[in-house]
Amino acid sequence: MKEIEELEDLADRVYHRMIDKPAKDWGMNIESWDWVPGVGVISILAYGQLTGNAEAIDYVNQWAVRNKHLSEQVKVINSMAPYAIFPELYRISGERWYLETAIQIGDWMLKDAPRTREGAYEHTVTEDAEFSEQVWADTLFMAVLFLARLARLTGNSKYAKEAEFQLLVHLRLLQDPHTDVLFHGWNCADRHHMSSARWARANAWVMLASPWIVEEIGSLTPVAEEIVDRYRQLAEGLRDFQGENGLWGTVMDQPEFYTETSGSAGIAAGWIAGMRMGWLDDTYKEAVDRTLNGVMERLDPDGTVQGVSGGTPVMPSIAAYQEIPCYPTLYGQGLTLILLSLAHAEMRGPCDKYSTNVS
């Protein structure tokens with residue numbers, strides 16, 4: 001691991017790059033309500049909690065105050081992401097609006113959110129596009145994480161049970177039995193993985209979201225042993241595709257494709273989260289350190305994270321993933337910030353272990 005002061009300095013730069021330069025472009029505009037700013041504020045909250053930065057936590061609260069009017073515009077799975085900060089903001093502020101809104105949204109997810117024939121959430125987006133009967137790996141981070149946090153806040157097992165089911169069904173539908181890593185998506189109607197791309201950032205969303213979800217729901221509902229088994233298989237499968245520079249190709253089994261920073265940061269952050277849960281052993285530390293080195297080489301002096309691929313639906317072919325351009329985004333900043341924050345927390349001392357009710 002790097003020196004703790006170096007991690008603190010880099011995390012501070014990445015964080016301030018997210019908030020200090022107002023942007024209107026899609027990738028860096030934090031003053032909106034969708035998955036991109038959602039990942040941004042989720043990561044800033046995690047940064048504040050893991051490093052003890054009260055200013056960052058206050059920023060998240062002020063962001064919610066400024067942007068809460070935008071939350072009423074549309075309900076789709078991808079726009080659930082910002083709600084993941086509401087449970088903690090309610091604990092901090094006691095503001096009833098956070099609790100009442102979170103429960104309203106959680107109940108919408110249980111009763112009205114569109115689902116595929118397997119019961120998985122259909123990946124709906126704010127853009128003018130439909131992905132009927134499609135399951136995407138992104139959903140676990142963008143929507144199910146919020147549901148799990150709501151479960152812990154309210155102590156209501158109905159949210160926990162749904163989060164556990166969604167985690168399990170996504171793993172079952174997306175995990176490749178030959179390599180143990182995940183495909184980007186699954187078409188429930190046609191019964192195939194569409195382009196069958198083993199996309200790095202899809203794996204990152206699941207690698208990080210899975211332990212965070214179980215951390216929230218483990219005391220409220222039994223968590224299937226299959227989830228932990230599949231997570232460990234995924235973690236090991238990802239090690240097989242890690243490059244010498246610590247990073248993964250944007251499609252990880254295509255060695256000629258460009259290496260991508262956000263997916264790489266998210267995978268390594270997920271490994272740390274898995275070790276904190278006791279799901280992974282310490283042999284992953286060396287692989288995490290390699291990723292840290294590789295990611296840090298992609299940080300500009302002002303904290304901009306380079307080498308981040310743009311918004312990526314399930315593409316029509318594997319070759320099409322190589323055509324996605326790279327540019328700075330809040331999710332690239334955010335996944336890097338989470339990795340730096342988790343690494344910082346590990347260096348500070350022993351972490352709390354969560355006991356999970358596994359059946």
# chains A, B, ... in the order shown; residues from 1 in each chain; ligands from 1
>>> residues_around(residues="segment 73-83 of chain A", least_positions_apart="4", cutoff="7 Å", atoms="only C-alpha atoms", output="PyMOL selection string")
chain A and resi 33-35+38-39+41+102+123-126+139+142-143+146
>>> write_last_selection(atoms="all heavy atoms", output="CSV table (one decimal), in the first residue's frame")
chain,number,residue,atom,x,y,z
A,33,TRP,N,-29.7,14.9,-11.8
A,33,TRP,CA,-30.2,13.8,-11.1
A,33,TRP,C,-30.3,12.5,-12.0
A,33,TRP,O,-31.2,12.4,-12.8
A,33,TRP,CB,-31.6,14.0,-10.5
A,33,TRP,CG,-32.1,13.0,-9.5
A,33,TRP,CD1,-32.6,11.8,-9.7
A,33,TRP,CD2,-32.0,13.2,-8.1
A,33,TRP,NE1,-32.8,11.1,-8.5
A,33,TRP,CE2,-32.4,12.0,-7.5
A,33,TRP,CE3,-31.5,14.2,-7.2
A,33,TRP,CZ2,-32.5,11.8,-6.1
A,33,TRP,CZ3,-31.6,14.1,-5.9
A,33,TRP,CH2,-32.0,12.9,-5.3
A,34,ASP,N,-29.2,11.7,-11.9
A,34,ASP,CA,-29.1,10.5,-12.7
A,34,ASP,C,-28.0,9.7,-12.1
A,34,ASP,O,-27.5,10.0,-11.1
A,34,ASP,CB,-28.9,10.9,-14.2
A,34,ASP,CG,-29.3,9.8,-15.2
A,34,ASP,OD1,-29.7,8.7,-14.7
A,34,ASP,OD2,-29.3,10.1,-16.4
A,35,TRP,N,-27.7,8.6,-12.8
A,35,TRP,CA,-26.7,7.7,-12.3
A,35,TRP,C,-25.3,8.3,-12.2
A,35,TRP,O,-24.5,8.0,-11.3
A,35,TRP,CB,-26.6,6.4,-13.1
A,35,TRP,CG,-26.0,6.5,-14.5
A,35,TRP,CD1,-26.7,6.9,-15.6
A,35,TRP,CD2,-24.7,6.2,-14.8
A,35,TRP,NE1,-25.8,6.8,-16.7
A,35,TRP,CE2,-24.6,6.4,-16.2
A,35,TRP,CE3,-23.6,5.8,-14.1
A,35,TRP,CZ2,-23.4,6.2,-16.9
A,35,TRP,CZ3,-22.4,5.6,-14.8
A,35,TRP,CH2,-22.3,5.8,-16.2
A,38,GLY,N,-25.1,10.5,-9.3
A,38,GLY,CA,-25.4,9.6,-8.2
A,38,GLY,C,-24.2,8.9,-7.8
A,38,GLY,O,-23.9,8.8,-6.6
A,39,VAL,N,-23.4,8.3,-8.7
A,39,VAL,CA,-22.2,7.7,-8.4
A,39,VAL,C,-21.2,8.7,-7.7
A,39,VAL,O,-20.5,8.4,-6.8
A,39,VAL,CB,-21.5,7.0,-9.6
A,39,VAL,CG1,-20.1,6.4,-9.2
A,39,VAL,CG2,-22.4,5.9,-10.1
A,41,VAL,N,-21.9,11.4,-5.8
A,41,VAL,CA,-22.2,11.7,-4.4
A,41,VAL,C,-22.1,10.4,-3.5
A,41,VAL,O,-21.8,10.6,-2.3
A,41,VAL,CB,-23.6,12.4,-4.3
A,41,VAL,CG1,-23.6,13.8,-4.9
A,41,VAL,CG2,-24.7,11.5,-4.9
A,102,ALA,N,-37.2,8.3,0.7
A,102,ALA,CA,-36.5,7.0,0.6
A,102,ALA,C,-37.5,5.9,0.6
A,102,ALA,O,-37.5,4.9,-0.2
A,102,ALA,CB,-35.4,6.8,1.6
A,123,HIS,N,-33.4,-2.9,-16.9
A,123,HIS,CA,-32.5,-1.7,-16.8
A,123,HIS,C,-33.1,-0.6,-17.6
A,123,HIS,O,-32.9,-0.4,-18.8
A,123,HIS,CB,-31.1,-2.0,-17.3
A,123,HIS,CG,-30.1,-1.0,-17.0
A,123,HIS,ND1,-29.5,-1.0,-15.7
A,123,HIS,CD2,-29.6,0.1,-17.7
A,123,HIS,CE1,-28.7,0.1,-15.7
A,123,HIS,NE2,-28.7,0.7,-16.8
A,124,THR,N,-33.8,0.3,-16.9
A,124,THR,CA,-34.5,1.5,-17.5
A,124,THR,C,-33.6,2.7,-17.2
A,124,THR,O,-32.9,2.8,-16.2
A,124,THR,CB,-35.9,1.7,-16.9
A,124,THR,OG1,-35.8,1.6,-15.5
A,124,THR,CG2,-36.8,0.6,-17.4
A,125,VAL,N,-33.6,3.6,-18.2
A,125,VAL,CA,-32.7,4.8,-18.2
A,125,VAL,C,-33.5,6.1,-18.4
A,125,VAL,O,-34.6,6.1,-18.9
A,125,VAL,CB,-31.6,4.6,-19.2
A,125,VAL,CG1,-30.7,3.4,-18.9
A,125,VAL,CG2,-32.2,4.5,-20.6
A,126,THR,N,-32.8,7.2,-18.1
A,126,THR,CA,-33.5,8.5,-18.3
A,126,THR,C,-33.4,8.9,-19.8
A,126,THR,O,-34.2,9.7,-20.3
A,126,THR,CB,-32.8,9.6,-17.5
A,126,THR,OG1,-31.4,9.6,-17.7
A,126,THR,CG2,-33.0,9.3,-16.0
A,139,THR,N,-27.1,-2.3,-12.5
A,139,THR,CA,-28.3,-2.1,-11.7
A,139,THR,C,-28.0,-2.4,-10.2
A,139,THR,O,-28.5,-1.7,-9.3
A,139,THR,CB,-29.4,-3.0,-12.1
A,139,THR,OG1,-29.8,-2.6,-13.4
A,139,THR,CG2,-30.6,-3.0,-11.2
A,142,MET,N,-26.5,0.9,-9.0
A,142,MET,CA,-27.3,2.1,-9.3
A,142,MET,C,-28.6,2.0,-8.5
A,142,MET,O,-29.2,3.1,-8.2
A,142,MET,CB,-27.6,2.2,-10.7
A,142,MET,CG,-26.4,2.3,-11.6
A,142,MET,SD,-25.2,3.5,-11.0
A,142,MET,CE,-23.7,3.0,-12.0
A,143,ALA,N,-29.1,0.9,-8.1
A,143,ALA,CA,-30.5,0.8,-7.5
A,143,ALA,C,-30.5,-0.1,-6.3
A,143,ALA,O,-31.1,0.2,-5.3
A,143,ALA,CB,-31.5,0.3,-8.6
A,146,PHE,N,-29.1,1.2,-2.9
A,146,PHE,CA,-30.0,2.1,-2.2
A,146,PHE,C,-31.1,1.2,-1.4
A,146,PHE,O,-31.3,1.5,-0.2
A,146,PHE,CB,-30.8,3.0,-3.2
A,146,PHE,CG,-32.1,3.5,-2.6
A,146,PHE,CD1,-32.2,4.3,-1.5
A,146,PHE,CD2,-33.3,3.0,-3.2
A,146,PHE,CE1,-33.4,4.7,-1.0
A,146,PHE,CE2,-34.5,3.4,-2.7
A,146,PHE,CZ,-34.6,4.3,-1.6
>>> residues_around(residues="segment 132-136 of chain A", least_positions_apart="5", cutoff="10 Å", atoms="only C-alpha atoms", output="count of residues only")
30
>>> select_by_dssp(residues="segment 103-147 of chain A", states="alpha helix (DSSP H)", output="PDB file with all heavy atoms, in the first residue's frame")
ATOM      1  N   ILE A 103     -38.460   5.939   1.579  1.00  0.00           N
ATOM      2  CA  ILE A 103     -39.475   4.889   1.710  1.00  0.00           C
ATOM      3  C   ILE A 103     -40.399   4.887   0.495  1.00  0.00           C
ATOM      4  O   ILE A 103     -40.741   3.821  -0.046  1.00  0.00           O
ATOM      5  CB  ILE A 103     -40.274   5.079   3.010  1.00  0.00           C
ATOM      6  CG1 ILE A 103     -39.388   4.771   4.225  1.00  0.00           C
ATOM      7  CG2 ILE A 103     -41.522   4.194   3.017  1.00  0.00           C
ATOM      8  CD1 ILE A 103     -40.033   5.075   5.558  1.00  0.00           C
ATOM      9  N   GLN A 104     -40.785   6.070   0.040  1.00  0.00           N
ATOM     10  CA  GLN A 104     -41.638   6.157  -1.153  1.00  0.00           C
ATOM     11  C   GLN A 104     -40.950   5.524  -2.358  1.00  0.00           C
ATOM     12  O   GLN A 104     -41.564   4.740  -3.103  1.00  0.00           O
ATOM     13  CB  GLN A 104     -41.958   7.619  -1.442  1.00  0.00           C
ATOM     14  CG  GLN A 104     -42.758   7.840  -2.714  1.00  0.00           C
ATOM     15  CD  GLN A 104     -42.866   9.320  -3.088  1.00  0.00           C
ATOM     16  OE1 GLN A 104     -42.330  10.186  -2.396  1.00  0.00           O
ATOM     17  NE2 GLN A 104     -43.520   9.601  -4.186  1.00  0.00           N
ATOM     18  N   ILE A 105     -39.674   5.833  -2.548  1.00  0.00           N
ATOM     19  CA  ILE A 105     -38.934   5.285  -3.683  1.00  0.00           C
ATOM     20  C   ILE A 105     -38.719   3.778  -3.501  1.00  0.00           C
ATOM     21  O   ILE A 105     -38.834   2.992  -4.453  1.00  0.00           O
ATOM     22  CB  ILE A 105     -37.599   6.020  -3.851  1.00  0.00           C
ATOM     23  CG1 ILE A 105     -37.847   7.483  -4.234  1.00  0.00           C
ATOM     24  CG2 ILE A 105     -36.724   5.329  -4.890  1.00  0.00           C
ATOM     25  CD1 ILE A 105     -38.595   7.670  -5.530  1.00  0.00           C
ATOM     26  N   GLY A 106     -38.395   3.357  -2.286  1.00  0.00           N
ATOM     27  CA  GLY A 106     -38.221   1.933  -2.026  1.00  0.00           C
ATOM     28  C   GLY A 106     -39.479   1.142  -2.315  1.00  0.00           C
ATOM     29  O   GLY A 106     -39.426   0.037  -2.892  1.00  0.00           O
ATOM     30  N   ASP A 107     -40.628   1.687  -1.951  1.00  0.00           N
ATOM     31  CA  ASP A 107     -41.893   1.002  -2.222  1.00  0.00           C
ATOM     32  C   ASP A 107     -42.187   0.967  -3.723  1.00  0.00           C
ATOM     33  O   ASP A 107     -42.743  -0.015  -4.226  1.00  0.00           O
ATOM     34  CB  ASP A 107     -43.028   1.688  -1.469  1.00  0.00           C
ATOM     35  CG  ASP A 107     -42.964   1.434   0.034  1.00  0.00           C
ATOM     36  OD1 ASP A 107     -42.227   0.514   0.458  1.00  0.00           O
ATOM     37  OD2 ASP A 107     -43.641   2.163   0.792  1.00  0.00           O
ATOM     38  N   TRP A 108     -41.803   2.025  -4.440  1.00  0.00           N
ATOM     39  CA  TRP A 108     -41.951   1.992  -5.900  1.00  0.00           C
ATOM     40  C   TRP A 108     -41.109   0.872  -6.485  1.00  0.00           C
ATOM     41  O   TRP A 108     -41.559   0.141  -7.386  1.00  0.00           O
ATOM     42  CB  TRP A 108     -41.526   3.331  -6.500  1.00  0.00           C
ATOM     43  CG  TRP A 108     -41.520   3.327  -7.998  1.00  0.00           C
ATOM     44  CD1 TRP A 108     -42.597   3.513  -8.822  1.00  0.00           C
ATOM     45  CD2 TRP A 108     -40.397   3.088  -8.861  1.00  0.00           C
ATOM     46  NE1 TRP A 108     -42.211   3.411 -10.144  1.00  0.00           N
ATOM     47  CE2 TRP A 108     -40.872   3.143 -10.201  1.00  0.00           C
ATOM     48  CE3 TRP A 108     -39.047   2.827  -8.639  1.00  0.00           C
ATOM     49  CZ2 TRP A 108     -40.028   2.959 -11.300  1.00  0.00           C
ATOM     50  CZ3 TRP A 108     -38.203   2.642  -9.725  1.00  0.00           C
ATOM     51  CH2 TRP A 108     -38.693   2.707 -11.043  1.00  0.00           C
ATOM     52  N   MET A 109     -39.898   0.709  -5.980  1.00  0.00           N
ATOM     53  CA  MET A 109     -39.040  -0.355  -6.485  1.00  0.00           C
ATOM     54  C   MET A 109     -39.620  -1.732  -6.201  1.00  0.00           C
ATOM     55  O   MET A 109     -39.513  -2.648  -7.022  1.00  0.00           O
ATOM     56  CB  MET A 109     -37.637  -0.241  -5.878  1.00  0.00           C
ATOM     57  CG  MET A 109     -36.843   0.940  -6.411  1.00  0.00           C
ATOM     58  SD  MET A 109     -35.174   1.046  -5.706  1.00  0.00           S
ATOM     59  CE  MET A 109     -34.440  -0.451  -6.395  1.00  0.00           C
ATOM     60  N   LEU A 110     -40.272  -1.896  -5.075  1.00  0.00           N
ATOM     61  CA  LEU A 110     -40.868  -3.199  -4.746  1.00  0.00           C
ATOM     62  C   LEU A 110     -42.109  -3.484  -5.577  1.00  0.00           C
ATOM     63  O   LEU A 110     -42.331  -4.622  -6.002  1.00  0.00           O
ATOM     64  CB  LEU A 110     -41.232  -3.246  -3.265  1.00  0.00           C
ATOM     65  CG  LEU A 110     -40.095  -3.254  -2.243  1.00  0.00           C
ATOM     66  CD1 LEU A 110     -40.661  -3.462  -0.846  1.00  0.00           C
ATOM     67  CD2 LEU A 110     -39.067  -4.331  -2.550  1.00  0.00           C
ATOM     68  N   LYS A 111     -42.922  -2.459  -5.828  1.00  0.00           N
ATOM     69  CA  LYS A 111     -44.242  -2.698  -6.401  1.00  0.00           C
ATOM     70  C   LYS A 111     -44.351  -2.375  -7.892  1.00  0.00           C
ATOM     71  O   LYS A 111     -45.092  -3.056  -8.623  1.00  0.00           O
ATOM     72  CB  LYS A 111     -45.284  -1.858  -5.644  1.00  0.00           C
ATOM     73  CG  LYS A 111     -45.378  -2.186  -4.159  1.00  0.00           C
ATOM     74  CD  LYS A 111     -46.296  -1.210  -3.441  1.00  0.00           C
ATOM     75  CE  LYS A 111     -46.320  -1.451  -1.940  1.00  0.00           C
ATOM     76  NZ  LYS A 111     -47.140  -0.426  -1.229  1.00  0.00           N
ATOM     77  N   THR A 139     -27.088  -2.294 -12.520  1.00  0.00           N
ATOM     78  CA  THR A 139     -28.256  -2.110 -11.665  1.00  0.00           C
ATOM     79  C   THR A 139     -27.954  -2.364 -10.189  1.00  0.00           C
ATOM     80  O   THR A 139     -28.541  -1.719  -9.317  1.00  0.00           O
ATOM     81  CB  THR A 139     -29.400  -3.028 -12.141  1.00  0.00           C
ATOM     82  OG1 THR A 139     -29.796  -2.618 -13.448  1.00  0.00           O
ATOM     83  CG2 THR A 139     -30.596  -2.982 -11.213  1.00  0.00           C
ATOM     84  N   LEU A 145     -28.204  -1.125  -4.234  1.00  0.00           N
ATOM     85  CA  LEU A 145     -27.467  -0.596  -3.087  1.00  0.00           C
ATOM     86  C   LEU A 145     -28.351   0.330  -2.258  1.00  0.00           C
ATOM     87  O   LEU A 145     -28.358   0.253  -1.019  1.00  0.00           O
ATOM     88  CB  LEU A 145     -26.218   0.154  -3.571  1.00  0.00           C
ATOM     89  CG  LEU A 145     -25.375   0.834  -2.493  1.00  0.00           C
ATOM     90  CD1 LEU A 145     -24.843  -0.169  -1.479  1.00  0.00           C
ATOM     91  CD2 LEU A 145     -24.227   1.617  -3.128  1.00  0.00           C
ATOM     92  N   PHE A 146     -29.104   1.205  -2.922  1.00  0.00           N
ATOM     93  CA  PHE A 146     -30.048   2.063  -2.198  1.00  0.00           C
ATOM     94  C   PHE A 146     -31.053   1.234  -1.420  1.00  0.00           C
ATOM     95  O   PHE A 146     -31.326   1.508  -0.240  1.00  0.00           O
ATOM     96  CB  PHE A 146     -30.783   2.990  -3.171  1.00  0.00           C
ATOM     97  CG  PHE A 146     -32.118   3.453  -2.639  1.00  0.00           C
ATOM     98  CD1 PHE A 146     -32.189   4.303  -1.549  1.00  0.00           C
ATOM     99  CD2 PHE A 146     -33.310   2.996  -3.197  1.00  0.00           C
ATOM    100  CE1 PHE A 146     -33.416   4.706  -1.026  1.00  0.00           C
ATOM    101  CE2 PHE A 146     -34.535   3.393  -2.695  1.00  0.00           C
ATOM    102  CZ  PHE A 146     -34.588   4.252  -1.597  1.00  0.00           C
ATOM    103  N   LEU A 147     -31.620   0.215  -2.047  1.00  0.00           N
ATOM    104  CA  LEU A 147     -32.634  -0.604  -1.385  1.00  0.00           C
ATOM    105  C   LEU A 147     -32.055  -1.272  -0.135  1.00  0.00           C
ATOM    106  O   LEU A 147     -32.721  -1.355   0.906  1.00  0.00           O
ATOM    107  CB  LEU A 147     -33.148  -1.655  -2.370  1.00  0.00           C
ATOM    108  CG  LEU A 147     -34.536  -2.232  -2.137  1.00  0.00           C
ATOM    109  CD1 LEU A 147     -35.593  -1.151  -2.185  1.00  0.00           C
ATOM    110  CD2 LEU A 147     -34.834  -3.301  -3.183  1.00  0.00           C
TER     111      LEU A 147
END
>>> residues_around(residues="Trp271 of chain A", least_positions_apart="5", cutoff="8 Å", atoms="only C-alpha atoms", output="list of chain:residue names")
A:Met207, A:Leu208, A:Ala235, A:Leu280, A:Tyr284, A:Val288
>>> write_last_selection(atoms="all heavy atoms", output="PDB file, in the first residue's frame")
ATOM      1  N   MET A 207     -18.543  -6.136  -8.269  1.00  0.00           N
ATOM      2  CA  MET A 207     -17.497  -6.468  -7.304  1.00  0.00           C
ATOM      3  C   MET A 207     -17.582  -5.576  -6.080  1.00  0.00           C
ATOM      4  O   MET A 207     -17.376  -6.025  -4.940  1.00  0.00           O
ATOM      5  CB  MET A 207     -16.130  -6.317  -7.982  1.00  0.00           C
ATOM      6  CG  MET A 207     -15.002  -7.012  -7.262  1.00  0.00           C
ATOM      7  SD  MET A 207     -15.162  -8.794  -7.403  1.00  0.00           S
ATOM      8  CE  MET A 207     -14.438  -9.284  -5.847  1.00  0.00           C
ATOM      9  N   LEU A 208     -17.900  -4.313  -6.267  1.00  0.00           N
ATOM     10  CA  LEU A 208     -17.998  -3.370  -5.162  1.00  0.00           C
ATOM     11  C   LEU A 208     -19.373  -3.397  -4.501  1.00  0.00           C
ATOM     12  O   LEU A 208     -19.487  -3.354  -3.272  1.00  0.00           O
ATOM     13  CB  LEU A 208     -17.683  -1.958  -5.668  1.00  0.00           C
ATOM     14  CG  LEU A 208     -17.708  -0.828  -4.645  1.00  0.00           C
ATOM     15  CD1 LEU A 208     -16.781  -1.114  -3.462  1.00  0.00           C
ATOM     16  CD2 LEU A 208     -17.339   0.492  -5.311  1.00  0.00           C
ATOM     17  N   ALA A 235     -14.126 -12.828  -7.907  1.00  0.00           N
ATOM     18  CA  ALA A 235     -12.874 -12.188  -7.495  1.00  0.00           C
ATOM     19  C   ALA A 235     -11.669 -12.926  -8.050  1.00  0.00           C
ATOM     20  O   ALA A 235     -10.722 -12.307  -8.561  1.00  0.00           O
ATOM     21  CB  ALA A 235     -12.806 -12.132  -5.971  1.00  0.00           C
ATOM     22  N   LEU A 280     -12.732 -12.434   1.301  1.00  0.00           N
ATOM     23  CA  LEU A 280     -11.493 -12.662   0.566  1.00  0.00           C
ATOM     24  C   LEU A 280     -10.315 -12.640   1.527  1.00  0.00           C
ATOM     25  O   LEU A 280     -10.341 -11.928   2.533  1.00  0.00           O
ATOM     26  CB  LEU A 280     -11.299 -11.585  -0.515  1.00  0.00           C
ATOM     27  CG  LEU A 280     -12.412 -11.431  -1.548  1.00  0.00           C
ATOM     28  CD1 LEU A 280     -12.062 -10.308  -2.529  1.00  0.00           C
ATOM     29  CD2 LEU A 280     -12.662 -12.728  -2.304  1.00  0.00           C
ATOM     30  N   TYR A 284      -5.081 -10.983  -1.857  1.00  0.00           N
ATOM     31  CA  TYR A 284      -5.505  -9.973  -2.828  1.00  0.00           C
ATOM     32  C   TYR A 284      -4.788  -8.633  -2.623  1.00  0.00           C
ATOM     33  O   TYR A 284      -4.881  -7.749  -3.484  1.00  0.00           O
ATOM     34  CB  TYR A 284      -7.022  -9.769  -2.758  1.00  0.00           C
ATOM     35  CG  TYR A 284      -7.793 -10.897  -3.413  1.00  0.00           C
ATOM     36  CD1 TYR A 284      -8.145 -12.024  -2.683  1.00  0.00           C
ATOM     37  CD2 TYR A 284      -8.145 -10.847  -4.753  1.00  0.00           C
ATOM     38  CE1 TYR A 284      -8.833 -13.067  -3.277  1.00  0.00           C
ATOM     39  CE2 TYR A 284      -8.831 -11.888  -5.358  1.00  0.00           C
ATOM     40  CZ  TYR A 284      -9.170 -12.994  -4.611  1.00  0.00           C
ATOM     41  OH  TYR A 284      -9.842 -14.029  -5.210  1.00  0.00           O
ATOM     42  N   VAL A 288      -4.242  -5.599  -5.345  1.00  0.00           N
ATOM     43  CA  VAL A 288      -4.803  -4.268  -5.107  1.00  0.00           C
ATOM     44  C   VAL A 288      -3.724  -3.204  -5.248  1.00  0.00           C
ATOM     45  O   VAL A 288      -3.930  -2.153  -5.867  1.00  0.00           O
ATOM     46  CB  VAL A 288      -5.455  -4.196  -3.709  1.00  0.00           C
ATOM     47  CG1 VAL A 288      -5.759  -2.744  -3.326  1.00  0.00           C
ATOM     48  CG2 VAL A 288      -6.741  -5.018  -3.665  1.00  0.00           C
TER      49      VAL A 288
END
>>> residues_around(residues="segment 298-308 of chain A", least_positions_apart="4", cutoff="7 Å", atoms="only C-alpha atoms", output="PDB file with N, CA, C and O atoms, in the first residue's frame")
ATOM      1  N   LEU A  10      -3.943  12.558  -2.703  1.00  0.00           N
ATOM      2  CA  LEU A  10      -4.548  12.204  -3.980  1.00  0.00           C
ATOM      3  C   LEU A  10      -6.073  12.182  -3.889  1.00  0.00           C
ATOM      4  O   LEU A  10      -6.767  12.674  -4.790  1.00  0.00           O
ATOM      5  N   ARG A  13      -7.452  15.657  -3.957  1.00  0.00           N
ATOM      6  CA  ARG A  13      -7.426  16.257  -5.289  1.00  0.00           C
ATOM      7  C   ARG A  13      -8.546  15.704  -6.177  1.00  0.00           C
ATOM      8  O   ARG A  13      -9.201  16.451  -6.921  1.00  0.00           O
ATOM      9  N   VAL A  14      -8.739  14.385  -6.111  1.00  0.00           N
ATOM     10  CA  VAL A  14      -9.804  13.770  -6.910  1.00  0.00           C
ATOM     11  C   VAL A  14     -11.162  14.308  -6.483  1.00  0.00           C
ATOM     12  O   VAL A  14     -12.020  14.634  -7.326  1.00  0.00           O
ATOM     13  N   ARG A  17     -11.651  17.946  -7.607  1.00  0.00           N
ATOM     14  CA  ARG A  17     -11.883  18.019  -9.051  1.00  0.00           C
ATOM     15  C   ARG A  17     -13.351  17.773  -9.377  1.00  0.00           C
ATOM     16  O   ARG A  17     -13.884  18.290 -10.378  1.00  0.00           O
ATOM     17  N   GLU A 260      -8.743   0.419 -19.049  1.00  0.00           N
ATOM     18  CA  GLU A 260      -9.749   1.388 -18.627  1.00  0.00           C
ATOM     19  C   GLU A 260      -9.641   1.623 -17.116  1.00  0.00           C
ATOM     20  O   GLU A 260      -9.592   0.683 -16.328  1.00  0.00           O
ATOM     21  N   THR A 261      -9.648   2.893 -16.703  1.00  0.00           N
ATOM     22  CA  THR A 261      -9.317   3.251 -15.327  1.00  0.00           C
ATOM     23  C   THR A 261     -10.475   3.019 -14.354  1.00  0.00           C
ATOM     24  O   THR A 261     -10.274   2.484 -13.256  1.00  0.00           O
ATOM     25  N   SER A 262     -11.692   3.419 -14.710  1.00  0.00           N
ATOM     26  CA  SER A 262     -12.789   3.347 -13.741  1.00  0.00           C
ATOM     27  C   SER A 262     -13.109   1.908 -13.371  1.00  0.00           C
ATOM     28  O   SER A 262     -13.305   1.583 -12.186  1.00  0.00           O
ATOM     29  N   CYS A 326     -12.763   7.903 -24.386  1.00  0.00           N
ATOM     30  CA  CYS A 326     -12.429   8.149 -22.976  1.00  0.00           C
ATOM     31  C   CYS A 326     -12.420   9.646 -22.692  1.00  0.00           C
ATOM     32  O   CYS A 326     -11.917  10.433 -23.497  1.00  0.00           O
ATOM     33  N   TYR A 327     -12.973  10.023 -21.549  1.00  0.00           N
ATOM     34  CA  TYR A 327     -12.959  11.418 -21.104  1.00  0.00           C
ATOM     35  C   TYR A 327     -13.302  11.437 -19.612  1.00  0.00           C
ATOM     36  O   TYR A 327     -13.846  10.464 -19.081  1.00  0.00           O
ATOM     37  N   PRO A 328     -12.985  12.523 -18.903  1.00  0.00           N
ATOM     38  CA  PRO A 328     -13.244  12.578 -17.458  1.00  0.00           C
ATOM     39  C   PRO A 328     -14.738  12.496 -17.147  1.00  0.00           C
ATOM     40  O   PRO A 328     -15.566  13.103 -17.834  1.00  0.00           O
ATOM     41  N   GLY A 332     -15.823   7.954 -13.041  1.00  0.00           N
ATOM     42  CA  GLY A 332     -14.391   7.652 -13.041  1.00  0.00           C
ATOM     43  C   GLY A 332     -13.705   8.256 -11.841  1.00  0.00           C
ATOM     44  O   GLY A 332     -12.888   7.611 -11.165  1.00  0.00           O
ATOM     45  N   GLN A 333     -14.035   9.528 -11.561  1.00  0.00           N
ATOM     46  CA  GLN A 333     -13.511  10.162 -10.346  1.00  0.00           C
ATOM     47  C   GLN A 333     -13.968   9.391  -9.109  1.00  0.00           C
ATOM     48  O   GLN A 333     -13.201   9.156  -8.179  1.00  0.00           O
TER      49      GLN A 333
END
>>> atom_distance(atom1="atom CA of Ala209 of chain A", atom2="atom CA of Asp180 of chain A")
16.9 Å
>>> residues_around(residues="Asp281 of chain A", least_positions_apart="3", cutoff="12 Å", atoms="only C-alpha atoms", output="list in words")
Arg232, Ala235, Glu236, Trp271, Ile272, Ala273, Gly274, Met275, Arg276, Met277, Gly278, Tyr284, Lys285, Glu286 and Ala287 of chain A
>>> closest_residue(among="A:Ile213, A:Ala268, A:Ala319, A:Ile30", to="Tyr159 of chain A", atoms="only C-alpha atoms")
A:Ile213
>>> select_by_dssp(residues="segment 117-321 of chain A", states="strand (DSSP E or B)", output="list in words")
Tyr121, Gln134, Val135, Trp136, Gln175, Leu182, Gly185, Trp186, Asn187, His192, Trp199, Val223, Trp248, Gly249, Val251, Thr259, Glu260, Leu299, Val305 and Ser309 of chain A
>>> write_last_selection(atoms="C-alpha atoms", output="compact mmCIF listing (two decimals), in the first residue's frame")
# COMPACT_ATOMS: atom_id res chain seq x y z
CA TYR A 121 -35.08 -5.22 -12.47
CA GLN A 134 -32.55 -6.67 -20.37
CA VAL A 135 -30.60 -7.19 -17.15
CA TRP A 136 -27.41 -5.12 -16.74
CA GLN A 175 -21.76 -14.86 -14.43
CA LEU A 182 -19.46 -11.29 -15.58
CA GLY A 185 -25.91 -7.91 -19.79
CA TRP A 186 -28.50 -10.63 -20.36
CA ASN A 187 -31.57 -10.61 -22.60
CA HIS A 192 -28.47 -14.88 -24.31
CA TRP A 199 -16.82 -5.59 -19.81
CA VAL A 223 -28.10 -14.27 2.66
CA TRP A 248 -7.93 -4.36 -17.01
CA GLY A 249 -8.82 -3.92 -20.64
CA VAL A 251 -13.24 -5.75 -22.41
CA THR A 259 -7.00 -0.44 -20.48
CA GLU A 260 -9.75 1.39 -18.63
CA LEU A 299 -4.19 11.05 -12.22
CA VAL A 305 -8.80 10.80 -13.66
CA SER A 309 -14.56 5.22 -20.96
